[in-house]
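The structure appears right after this line, and notes come after that.
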Amino acid sequence: MRTWGPSVALAAVLLLALSTPVTPAVAAGRLGGPARRLPGGAPPCPNVPAPATRPPQAPPPPDPAARSVGGAALDTAGLVVPPAATATPPPVTATSWLVADLDTGAVLGGCGPHEYGVPASVQKLLLAATVLPRLDPDREVTMTAGDLAIEPGSSAVGLAEGGRYRIETIWLGLLLKSGNEAANALARLGGGPDGLAGGVRAMNDEAHRLGARQTHAVTPSGLDGPGQFTSAYDLALIARACFREPAFRRYTATRTAQVPAQPALHEKAFQIQNDNMLLDHYPGALGGKTGFTDLARHTYVGAAERGGRRLVVTLLGAEIPTQRGWQQGAALLDWGFGLPRDASVGRLVEPGELDRSPTPATGPASALAGHADLGGGAARPGTGSGVGVPLTVGAVVVAGGAVLLARRRRHAAAVAVSAAPGLRKPEIPEGD
């Protein structure tokens, strides 16, 4: 667990004490409709009390251009929903989340969709989006000591050093059991001459290509590393890329798989099961990924189909006093499926789109007006970082971290009740 230094912590305290969020939640109407400001500014996200957590690792300072990717309406730390929504999103403990249409790319709603978060094992989806097309699933490879050099106690498939496995088996170990040794092996195999380091570098290149400008990978598995961040919006871009791959769709929907015996190593065959409970408990579930670390808390990505419509939900920084990550995701999916098909507050950009688009001109624009404001541009008054007072340089550096910390504190408002004996269920890591 990384901690803030004294000077950074002081700046964060000053920021929390002196600043007042003024970012409005700008909700776009139906496709092609005008954007509008919700009355009273950005409404708070529908969070439920969650246990207190330690301060998160400080993310980079807010980037107005990155925060407006997908539409100006998404540049908010609060709740953004379409005017067509007749029901409020369900309360969840996640500090940020997003629901989007996998096929059209329409963003149906979110809570702080561009707020920085820590990914945990949903990072493995970026690995899949990057490396899956590069590797022959039938190729047989040998697991190395370096592949098995993972944090003690972290999630593993049980692959043996010196064991020979088909790459498809390693993918199943990655996506069903969140195997960190599987992540190391796949990054190494897909990283070219630079091995694992090359794999991580390729992951960051792929994130940039997809438009996930708030994502930076340090480890292929999602085990915590300094400077590793993502956002709910970026995860939706990454998940959409994954679900475009037939092999990924097959792997992520697999309930059980067999890991073959390794006679030379006296290792018996064994079965693995999919940790994503959405598959067993949500009609139309397509798959996804669970995640948990002490720093990230619970993270989740899930997708489902209903009535010919495929939606994806992403959430970061959740706690599970009453609901696990997949259950919170299921509740948000239900909300999304209840919206009209043309309801939207923004959209998921296409791969390479931000590199092709010229810098947009300054000025107001609909969240869905072509490419308007998708790559940023000058910050509008009262938007951007969401802070309405001048800040010292030190406070600017930790502004993103202070927002996350403030939201954590909101979650902990009822911690005395949540943590009371007999009221709080024990935390159970979801596959990590």
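Labels used: A, B, ... for chains in the order of the structure tokens, numbers from 1 for residues in each chain, and numbers from 1 for ligands as shown.
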Per residue of region 204-297 of chain A within 7 Å of region 122-138 of chain A, note the shortest atom pair and the distance in Å to one decimal, counting only C-alpha atoms, and order the rows by chain and increasing residue number, as a Markdown table.
```
| residue | atom | partner | partner_atom | distance |
| --- | --- | --- | --- | --- |
| A:Glu206 | CA | A:Thr130 | CA | 6.0 |
| A:Pro220 | CA | A:Leu127 | CA | 6.2 |
| A:Ser221 | CA | A:Lys124 | CA | 5.5 |
| A:Gly222 | CA | A:Gln123 | CA | 4.8 |
| A:Ile238 | CA | A:Leu126 | CA | 6.0 |
| A:Ala239 | CA | A:Leu125 | CA | 6.6 |
| A:Ala241 | CA | A:Ala129 | CA | 6.1 |
| A:Cys242 | CA | A:Ala129 | CA | 5.1 |
| A:Lys289 | CA | A:Val122 | CA | 5.7 |
| A:Thr290 | CA | A:Val122 | CA | 6.1 |
| A:Gly291 | CA | A:Val122 | CA | 5.5 |
```
Within 7 Å of region 251-262 of chain A, counting only C-alpha atoms, which residues qualify if same-chain residues fewer than 2 places away don't, as a tab-separated table (two decimals) with N, CA and C atoms, in the first residue's frame?
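See out-v2.tsv below for the written result:
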```
chain	number	residue	atom	x	y	z
A	163	GLY	N	5.87	-26.68	-16.63
A	163	GLY	CA	4.72	-27.33	-17.26
A	163	GLY	C	4.48	-26.78	-18.66
A	169	THR	N	-5.40	-22.80	-22.81
A	169	THR	CA	-5.55	-23.17	-21.40
A	169	THR	C	-5.12	-22.01	-20.50
A	172	LEU	N	-7.82	-19.41	-20.43
A	172	LEU	CA	-8.92	-19.82	-19.56
A	172	LEU	C	-8.54	-19.64	-18.09
A	175	LEU	N	-8.91	-15.82	-17.35
A	175	LEU	CA	-10.24	-15.23	-17.31
A	175	LEU	C	-11.20	-15.94	-16.37
A	176	LEU	N	-10.98	-17.22	-16.09
A	176	LEU	CA	-11.85	-17.92	-15.16
A	176	LEU	C	-11.38	-17.75	-13.72
A	247	ALA	N	-12.95	-15.27	-29.70
A	247	ALA	CA	-12.27	-16.12	-28.73
A	247	ALA	C	-12.49	-15.61	-27.31
A	248	PHE	N	-12.45	-14.30	-27.13
A	248	PHE	CA	-12.69	-13.75	-25.80
A	248	PHE	C	-14.11	-14.07	-25.34
A	249	ARG	N	-15.09	-13.89	-26.21
A	249	ARG	CA	-16.48	-14.16	-25.84
A	249	ARG	C	-16.64	-15.61	-25.39
A	264	ALA	N	5.51	-35.37	-16.35
A	264	ALA	CA	6.94	-35.21	-16.05
A	264	ALA	C	7.17	-34.50	-14.73
A	265	LEU	N	6.20	-33.73	-14.29
A	265	LEU	CA	6.32	-32.99	-13.03
A	265	LEU	C	5.48	-33.62	-11.91
A	266	HIS	N	4.86	-34.78	-12.23
A	266	HIS	CA	4.00	-35.47	-11.26
A	266	HIS	C	2.83	-34.59	-10.81
A	267	GLU	N	2.32	-33.78	-11.75
A	267	GLU	CA	1.18	-32.91	-11.49
A	267	GLU	C	-0.07	-33.51	-12.13
A	268	LYS	N	-1.14	-33.66	-11.33
A	268	LYS	CA	-2.38	-34.21	-11.84
A	268	LYS	C	-3.21	-33.13	-12.54
A	269	ALA	N	-4.11	-33.60	-13.40
A	269	ALA	CA	-5.06	-32.69	-14.03
A	269	ALA	C	-6.03	-32.18	-12.97
A	270	PHE	N	-6.59	-30.99	-13.20
A	270	PHE	CA	-7.58	-30.45	-12.27
A	270	PHE	C	-8.53	-29.52	-13.02
A	271	GLN	N	-9.67	-29.29	-12.40
A	271	GLN	CA	-10.70	-28.46	-13.01
A	271	GLN	C	-10.69	-27.06	-12.37
A	272	ILE	N	-10.98	-26.05	-13.18
A	272	ILE	CA	-11.15	-24.69	-12.68
A	272	ILE	C	-12.56	-24.21	-13.03
A	273	GLN	N	-13.09	-23.34	-12.18
A	273	GLN	CA	-14.43	-22.80	-12.38
A	273	GLN	C	-14.35	-21.28	-12.56
A	274	ASN	N	-15.33	-20.74	-13.25
A	274	ASN	CA	-15.38	-19.30	-13.50
A	274	ASN	C	-15.80	-18.57	-12.23
A	286	LEU	N	-23.14	-12.47	-20.39
A	286	LEU	CA	-22.16	-12.78	-21.42
A	286	LEU	C	-20.76	-13.02	-20.86
A	287	GLY	N	-20.49	-12.51	-19.68
A	287	GLY	CA	-19.17	-12.67	-19.07
A	287	GLY	C	-18.65	-11.36	-18.55
A	288	GLY	N	-17.37	-11.34	-18.22
A	288	GLY	CA	-16.75	-10.15	-17.67
A	288	GLY	C	-15.55	-10.51	-16.83
```
Between CA of Ala106 (chain A) and CA of Glu305 (chain A) - distance in Å to one decimal: 15.0 Å
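Considering only C-alpha atoms, the residue among A:Asp103, A:Asp75, A:Glu161, A:Glu115 positioned nearest to Arg310 (chain A) is A:Asp103.
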Using CA of Ser344 (chain A) and CA of Gln327 (chain A) as the two end points, give the distance in Å to one decimal.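 Calculated distance between CA of Ser344 (chain A) and CA of Gln327 (chain A) is 23.3 Å.
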Enumerate as a list of chain:residue names all residues of region 67-237 of chain A assigned to strand (DSSP E or B) by DSSP on the backbone, naming them with the chain letters and numbers the document uses. A:Leu79, A:Val80, A:Val92, A:Ser96, A:Trp97, A:Leu98, A:Val99, A:Ala100, A:Asp101, A:Ala106, A:Val107, A:Leu108, A:Gly109, A:Gly110, A:Cys111, A:Gly117, A:Glu140, A:Val141, A:Thr142, A:Arg164, A:Tyr165, A:Arg166, A:His216, A:Phe229, A:Thr230
Export, as a tab-separated table (two decimals), in the first residue's frame, the selected residues with N, CA and C atoms.
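Here's the written file again_36.tsv:
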```
chain	number	residue	atom	x	y	z
A	79	LEU	N	-23.29	12.28	-10.64
A	79	LEU	CA	-24.16	11.39	-11.41
A	79	LEU	C	-24.57	12.05	-12.72
A	80	VAL	N	-24.54	11.29	-13.80
A	80	VAL	CA	-25.03	11.78	-15.09
A	80	VAL	C	-25.95	10.72	-15.67
A	92	VAL	N	-25.17	1.93	-5.03
A	92	VAL	CA	-24.07	0.97	-4.97
A	92	VAL	C	-22.94	1.59	-4.17
A	96	SER	N	-17.05	4.88	-8.60
A	96	SER	CA	-17.36	5.32	-9.96
A	96	SER	C	-17.88	4.13	-10.75
A	97	TRP	N	-18.75	4.40	-11.72
A	97	TRP	CA	-19.30	3.33	-12.56
A	97	TRP	C	-19.84	3.92	-13.87
A	98	LEU	N	-20.11	3.01	-14.82
A	98	LEU	CA	-20.64	3.43	-16.12
A	98	LEU	C	-21.40	2.26	-16.72
A	99	VAL	N	-22.49	2.57	-17.41
A	99	VAL	CA	-23.25	1.57	-18.17
A	99	VAL	C	-23.29	2.03	-19.63
A	100	ALA	N	-22.96	1.14	-20.55
A	100	ALA	CA	-22.91	1.50	-21.96
A	100	ALA	C	-23.43	0.35	-22.83
A	101	ASP	N	-23.78	0.69	-24.05
A	101	ASP	CA	-24.24	-0.29	-25.05
A	101	ASP	C	-23.03	-0.82	-25.81
A	106	ALA	N	-23.28	3.75	-27.16
A	106	ALA	CA	-23.94	4.79	-26.37
A	106	ALA	C	-23.67	4.58	-24.89
A	107	VAL	N	-23.30	5.65	-24.19
A	107	VAL	CA	-23.16	5.62	-22.74
A	107	VAL	C	-24.51	5.97	-22.15
A	108	LEU	N	-25.06	5.08	-21.35
A	108	LEU	CA	-26.41	5.26	-20.81
A	108	LEU	C	-26.43	6.04	-19.51
A	109	GLY	N	-25.32	6.08	-18.82
A	109	GLY	CA	-25.26	6.81	-17.57
A	109	GLY	C	-24.02	6.42	-16.81
A	110	GLY	N	-23.73	7.19	-15.78
A	110	GLY	CA	-22.54	6.88	-14.99
A	110	GLY	C	-22.43	7.74	-13.76
A	111	CYS	N	-21.49	7.38	-12.94
A	111	CYS	CA	-21.14	8.12	-11.74
A	111	CYS	C	-19.65	8.39	-11.80
A	117	GLY	N	-9.31	5.64	-10.95
A	117	GLY	CA	-9.46	4.54	-10.02
A	117	GLY	C	-8.34	3.54	-10.24
A	140	GLU	N	1.73	-24.67	-27.87
A	140	GLU	CA	2.08	-25.18	-26.54
A	140	GLU	C	3.33	-24.48	-26.04
A	141	VAL	N	3.27	-23.98	-24.83
A	141	VAL	CA	4.38	-23.19	-24.28
A	141	VAL	C	4.73	-23.70	-22.88
A	142	THR	N	5.91	-23.31	-22.41
A	142	THR	CA	6.40	-23.75	-21.11
A	142	THR	C	6.33	-22.59	-20.12
A	164	ARG	N	3.97	-27.66	-19.51
A	164	ARG	CA	3.68	-27.26	-20.89
A	164	ARG	C	2.17	-27.24	-21.09
A	165	TYR	N	1.68	-26.08	-21.54
A	165	TYR	CA	0.24	-25.87	-21.68
A	165	TYR	C	-0.06	-25.18	-23.00
A	166	ARG	N	-1.24	-25.48	-23.55
A	166	ARG	CA	-1.70	-24.72	-24.71
A	166	ARG	C	-2.03	-23.30	-24.26
A	216	HIS	N	-3.23	3.60	-17.39
A	216	HIS	CA	-1.80	3.30	-17.47
A	216	HIS	C	-1.53	2.02	-16.73
A	229	PHE	N	-3.42	3.24	-13.13
A	229	PHE	CA	-4.75	3.81	-12.99
A	229	PHE	C	-5.63	3.48	-14.18
A	230	THR	N	-6.91	3.68	-14.00
A	230	THR	CA	-7.88	3.56	-15.09
A	230	THR	C	-9.11	4.35	-14.69
```
Measure the distance from CA of Ala94 (chain A) to CA of Gly325 (chain A) in Å and round it to one decimal.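 Atom-to-atom, CA of Ala94 (chain A) to CA of Gly325 (chain A), that is 8.4 Å.
Closest approach to Ser178 (chain A) among A:Gly78, A:Gly192, A:Pro44, A:Gly158 is made by A:Gly158 (distances from only C-alpha atoms).
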For region 148-152 of chain A, list every protein, DNA or RNA residue within 9 Å, evaluated using only C-alpha atoms, and leave out those in the same chain fewer than 6 positions away; present the list as a VMD selection string. chain A and resid 159 to 161 180 to 182 184 to 185 223
Dump as a compact mmCIF listing (two decimals), in the first residue's frame, selection limited to C-alpha atoms:
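File produced: again_37.txt:
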```
# COMPACT_ATOMS: atom_id res chain seq x y z
CA LEU A 159 0.10 -23.76 -13.38
CA ALA A 160 3.41 -25.47 -12.70
CA GLU A 161 6.90 -24.19 -13.43
CA ASN A 180 -1.62 -13.82 -12.08
CA GLU A 181 0.93 -16.35 -13.31
CA ALA A 182 -1.20 -16.71 -16.46
CA ASN A 184 2.72 -12.90 -16.63
CA ALA A 185 3.04 -15.73 -19.16
CA LEU A 223 -1.52 -6.37 -9.02
```
Smallest atom-to-atom distance to Thr88 (chain A): which of A:Gly336, A:Gly352, A:Asp294, A:Thr322, using only C-alpha atoms?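 Of the candidates, the smallest distance to Thr88 (chain A) is held by A:Gly336.
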Polymer residues at most 10 Å from Ala304 (chain A), only C-alpha atoms, same-chain spacing of 3 or more positions, as a CSV table (one decimal) with N, CA and C atoms, in the first residue's frame:
```csv
chain,number,residue,atom,x,y,z
A,101,ASP,N,-23.8,0.7,-24.1
A,101,ASP,CA,-24.2,-0.3,-25.0
A,101,ASP,C,-23.0,-0.8,-25.8
A,102,LEU,N,-22.8,-2.1,-25.7
A,102,LEU,CA,-21.6,-2.7,-26.4
A,102,LEU,C,-21.7,-2.5,-27.9
A,278,LEU,N,-22.0,-13.7,-12.2
A,278,LEU,CA,-23.0,-13.1,-13.0
A,278,LEU,C,-23.5,-14.2,-14.0
A,279,LEU,N,-22.6,-15.1,-14.4
A,279,LEU,CA,-22.9,-16.1,-15.4
A,279,LEU,C,-24.0,-17.1,-14.9
A,282,TYR,N,-27.5,-14.3,-13.6
A,282,TYR,CA,-28.1,-13.2,-14.3
A,282,TYR,C,-28.5,-13.7,-15.7
A,283,PRO,N,-29.8,-13.8,-16.0
A,283,PRO,CA,-30.2,-14.2,-17.3
A,283,PRO,C,-29.6,-13.4,-18.4
A,284,GLY,N,-29.0,-14.0,-19.4
A,284,GLY,CA,-28.4,-13.3,-20.5
A,284,GLY,C,-27.0,-12.9,-20.3
A,285,ALA,N,-26.4,-13.3,-19.2
A,285,ALA,CA,-25.0,-12.8,-18.9
A,285,ALA,C,-24.1,-13.3,-20.0
A,286,LEU,N,-23.1,-12.5,-20.4
A,286,LEU,CA,-22.2,-12.8,-21.4
A,286,LEU,C,-20.8,-13.0,-20.9
A,287,GLY,N,-20.5,-12.5,-19.7
A,287,GLY,CA,-19.2,-12.7,-19.1
A,287,GLY,C,-18.7,-11.4,-18.6
A,288,GLY,N,-17.4,-11.3,-18.2
A,288,GLY,CA,-16.7,-10.1,-17.7
A,288,GLY,C,-15.5,-10.5,-16.8
A,309,ARG,N,-30.3,-6.6,-27.1
A,309,ARG,CA,-29.5,-5.4,-26.7
A,309,ARG,C,-28.4,-5.9,-25.8
A,310,ARG,N,-27.1,-5.5,-26.0
A,310,ARG,CA,-26.0,-5.9,-25.2
A,310,ARG,C,-25.4,-4.7,-24.4
A,311,LEU,N,-25.4,-4.8,-23.1
A,311,LEU,CA,-24.9,-3.7,-22.3
A,311,LEU,C,-23.7,-4.2,-21.5
A,312,VAL,N,-22.9,-3.3,-21.2
A,312,VAL,CA,-21.7,-3.5,-20.3
A,312,VAL,C,-21.7,-2.6,-19.1
A,313,VAL,N,-21.3,-3.1,-18.0
A,313,VAL,CA,-21.2,-2.2,-16.8
A,313,VAL,C,-19.8,-2.3,-16.2
A,330,ALA,N,-25.0,-6.2,-11.6
A,330,ALA,CA,-26.3,-6.7,-12.1
A,330,ALA,C,-27.4,-5.7,-11.9
A,333,LEU,N,-27.0,-3.0,-14.5
A,333,LEU,CA,-27.5,-3.6,-15.8
A,333,LEU,C,-29.0,-3.5,-15.9
A,334,ASP,N,-29.7,-3.9,-14.8
A,334,ASP,CA,-31.1,-3.9,-14.8
A,334,ASP,C,-31.6,-2.4,-15.1
A,337,PHE,N,-31.0,-1.6,-18.8
A,337,PHE,CA,-32.0,-2.3,-19.7
A,337,PHE,C,-33.4,-1.6,-19.6
```
Could you give me the residues within region 7-216 of chain A that DSSP places in alpha helix (DSSP H), as a PyMOL selection string? chain A and resi 7-18+64-67+123-131+167-177+180-190+195-210
